[in-house]
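The next block holds one structure in the form of structure tokens; read it before the comments.
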Amino acid sequence: MKKYILSIVLCLCVFALPAQDYKNSIGGMVGSMYGVSYKGFVLGVEHLALQGDLGVRLMSTIWGDGNYTWQTSMYTFEINPNVVYQNTIGEFDEGRVDWYAGGGLSLGLCSELYSMRVGNYVNNSPILGKFGLNAIAGAEIVFDAPVDLSLDFRPGYGVAFNDNYHLSFFDWALVASVRYRF
């Protein structure tokens with residue numbers, strides 16, 4: 001029983017740690033996705049942030065219908081809005097480390113890089129729409145200077161579609177960002 005009470009008190013102390021000292025940040029990202037990243041804290045709520053990314057990525061997935069298996073490579077242009085809860089892990093001489101977790105959407109357009117041949121049928125779909133749901137978890141280093149570095153992992157489920165067919169796949173990204181705070 002004492003362990004449970006101690007765990008609850010510890011959780012309450014973690015949630016009572018100091019709030020963010022910045023409202024917005026914008027910068028670039030590299031990794032599984034390349035582009036522009038923005039993070040802003042929502043409506044004065046201390047630990048709730050909206051993180052939006054706009055960029056391009058190369059994806060490859062394997063799919064099949066039970067009889068055949070195909071590999072598809074796609075180039076995507078997408079926007080990825082996420083709502084995250086962010087809090088402080090600890091502080092050091094020139095800043096602090098924050099963790100964040102949440103979820104969001106992945107919306108965009110994608111194009112297959114290669115034509116797929118299945119028997120006598122050649123699939124050459126020029127443009128596909130993309131929709132996905134993803135989780136996000138990561139850590140951010142906030143320096144005393146107006147710069148922060150972050151690394152996050154985004155597993156999710158996505159669907160690419162056009163008039164002829166749809167393709168569902170497990171979607172993930174590992175992204176590092178450098179942002180200017182203001």
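A note on labels: chains of the structure tokens are A, B, ... as shown, every chain counts residues from 1, and ligands are counted from 1 in their shown order.
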When you look at Arg179 (chain A) with a cut-off of 9 Å (counting only C-alpha atoms), what residues show up, excluding the ones that are within fewer than 2 positions of it in the same chain? I need them as a PDB file with N, CA, C and O atoms, in the first residue's frame.
```
ATOM      1  N   SER A  25       8.090  27.730 -31.306  1.00  0.00           N
ATOM      2  CA  SER A  25       9.411  27.445 -31.871  1.00  0.00           C
ATOM      3  C   SER A  25       9.222  26.947 -33.299  1.00  0.00           C
ATOM      4  O   SER A  25       8.229  26.298 -33.617  1.00  0.00           O
ATOM      5  N   ILE A  26      10.181  27.293 -34.162  1.00  0.00           N
ATOM      6  CA  ILE A  26      10.110  26.880 -35.563  1.00  0.00           C
ATOM      7  C   ILE A  26      11.519  26.533 -36.035  1.00  0.00           C
ATOM      8  O   ILE A  26      12.499  27.127 -35.577  1.00  0.00           O
ATOM      9  N   GLY A  27      11.613  25.543 -36.916  1.00  0.00           N
ATOM     10  CA  GLY A  27      12.920  25.128 -37.407  1.00  0.00           C
ATOM     11  C   GLY A  27      12.821  24.042 -38.449  1.00  0.00           C
ATOM     12  O   GLY A  27      11.789  23.841 -39.071  1.00  0.00           O
ATOM     13  N   GLY A  28      13.921  23.300 -38.603  1.00  0.00           N
ATOM     14  CA  GLY A  28      13.991  22.244 -39.596  1.00  0.00           C
ATOM     15  C   GLY A  28      14.093  20.879 -38.960  1.00  0.00           C
ATOM     16  O   GLY A  28      14.419  20.743 -37.777  1.00  0.00           O
ATOM     17  N   MET A  29      13.788  19.858 -39.758  1.00  0.00           N
ATOM     18  CA  MET A  29      13.876  18.480 -39.269  1.00  0.00           C
ATOM     19  C   MET A  29      14.529  17.601 -40.324  1.00  0.00           C
ATOM     20  O   MET A  29      14.428  17.856 -41.522  1.00  0.00           O
ATOM     21  N   SER A  37       9.417  22.285 -39.119  1.00  0.00           N
ATOM     22  CA  SER A  37       8.720  21.866 -37.910  1.00  0.00           C
ATOM     23  C   SER A  37       8.347  23.077 -37.070  1.00  0.00           C
ATOM     24  O   SER A  37       9.143  24.011 -36.930  1.00  0.00           O
ATOM     25  N   TYR A  38       7.142  23.063 -36.499  1.00  0.00           N
ATOM     26  CA  TYR A  38       6.649  24.140 -35.636  1.00  0.00           C
ATOM     27  C   TYR A  38       6.065  23.523 -34.368  1.00  0.00           C
ATOM     28  O   TYR A  38       5.392  22.491 -34.430  1.00  0.00           O
ATOM     29  N   LYS A  39       6.314  24.152 -33.231  1.00  0.00           N
ATOM     30  CA  LYS A  39       5.686  23.734 -31.974  1.00  0.00           C
ATOM     31  C   LYS A  39       5.206  24.972 -31.238  1.00  0.00           C
ATOM     32  O   LYS A  39       5.951  25.938 -31.085  1.00  0.00           O
ATOM     33  N   PRO A 146      18.118  30.714 -27.382  1.00  0.00           N
ATOM     34  CA  PRO A 146      16.787  30.442 -27.948  1.00  0.00           C
ATOM     35  C   PRO A 146      16.778  29.312 -28.983  1.00  0.00           C
ATOM     36  O   PRO A 146      16.258  29.448 -30.078  1.00  0.00           O
ATOM     37  N   VAL A 147      17.367  28.172 -28.636  1.00  0.00           N
ATOM     38  CA  VAL A 147      17.445  27.020 -29.538  1.00  0.00           C
ATOM     39  C   VAL A 147      17.073  25.773 -28.753  1.00  0.00           C
ATOM     40  O   VAL A 147      17.404  25.637 -27.585  1.00  0.00           O
ATOM     41  N   ASP A 148      16.356  24.857 -29.407  1.00  0.00           N
ATOM     42  CA  ASP A 148      16.122  23.550 -28.794  1.00  0.00           C
ATOM     43  C   ASP A 148      16.336  22.455 -29.823  1.00  0.00           C
ATOM     44  O   ASP A 148      16.192  22.667 -31.022  1.00  0.00           O
ATOM     45  N   LEU A 149      16.739  21.294 -29.337  1.00  0.00           N
ATOM     46  CA  LEU A 149      16.952  20.101 -30.156  1.00  0.00           C
ATOM     47  C   LEU A 149      15.974  19.033 -29.699  1.00  0.00           C
ATOM     48  O   LEU A 149      15.761  18.868 -28.492  1.00  0.00           O
ATOM     49  N   SER A 150      15.389  18.304 -30.639  1.00  0.00           N
ATOM     50  CA  SER A 150      14.472  17.235 -30.243  1.00  0.00           C
ATOM     51  C   SER A 150      14.669  16.010 -31.120  1.00  0.00           C
ATOM     52  O   SER A 150      15.123  16.102 -32.259  1.00  0.00           O
ATOM     53  N   SER A 177      14.936  17.336 -34.821  1.00  0.00           N
ATOM     54  CA  SER A 177      14.586  18.713 -35.158  1.00  0.00           C
ATOM     55  C   SER A 177      15.476  19.697 -34.420  1.00  0.00           C
ATOM     56  O   SER A 177      15.878  19.458 -33.292  1.00  0.00           O
ATOM     57  N   ARG A 181      13.399  29.249 -30.722  1.00  0.00           N
ATOM     58  CA  ARG A 181      12.275  29.595 -29.833  1.00  0.00           C
ATOM     59  C   ARG A 181      12.014  31.086 -29.834  1.00  0.00           C
ATOM     60  O   ARG A 181      12.934  31.891 -29.845  1.00  0.00           O
TER      61      ARG A 181
END
```
- Within 10 Å of Val56 (chain A) using only C-alpha atoms, minus same-chain residues under 2 positions, as a list in words: Val30, Ser32, Met33, Tyr34, Gly35, Val36, Asp53, Leu54, Leu58, Met59, Tyr75, Thr76, Phe77, Glu78, Ile79, Gly108, Leu109 and Cys110 of chain A
- Residues within 8 Å of Gly31 (chain A), only C-alpha atoms, excluding chain neighbours under 3 positions, as a list in words: Tyr34, Ala173, Leu174, Val175 and Ala176 of chain A
- Item | Non-local contacts of Val42 (chain A) (12 Å; only C-alpha atoms; under 5 positions in same chain excluded) as a VMD selection string | chain A and resid 20 22 to 24 47 to 51 82 to 86
- Message: Applying 9 Å and only C-alpha atoms, which residues near Gly104 (chain A) remain after dropping the ones on its own chain fewer than 4 positions away? List them as a PyMOL selection string.
- Response: chain A and resi 80-84+132-136
- Enter the distance from CA of Phe131 (chain A) to CA of Trp172 (chain A), in Å, rounded to one decimal.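 Atom-to-atom, CA of Phe131 (chain A) and CA of Trp172 (chain A) are spaced 13.0 Å apart.
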- Task: Check region 12-177 of chain A with DSSP on the backbone and list each residue it calls helix (DSSP H, G or I), as JSON, numbers by chain.
- Result: {"A": [12, 13, 14, 15]}
- Task: Tell me which of A:Asp98, A:Asp171, A:Glu91, A:Asp144 sits closest to Lys130 (chain A), counting only C-alpha atoms.
- Result: A:Asp171
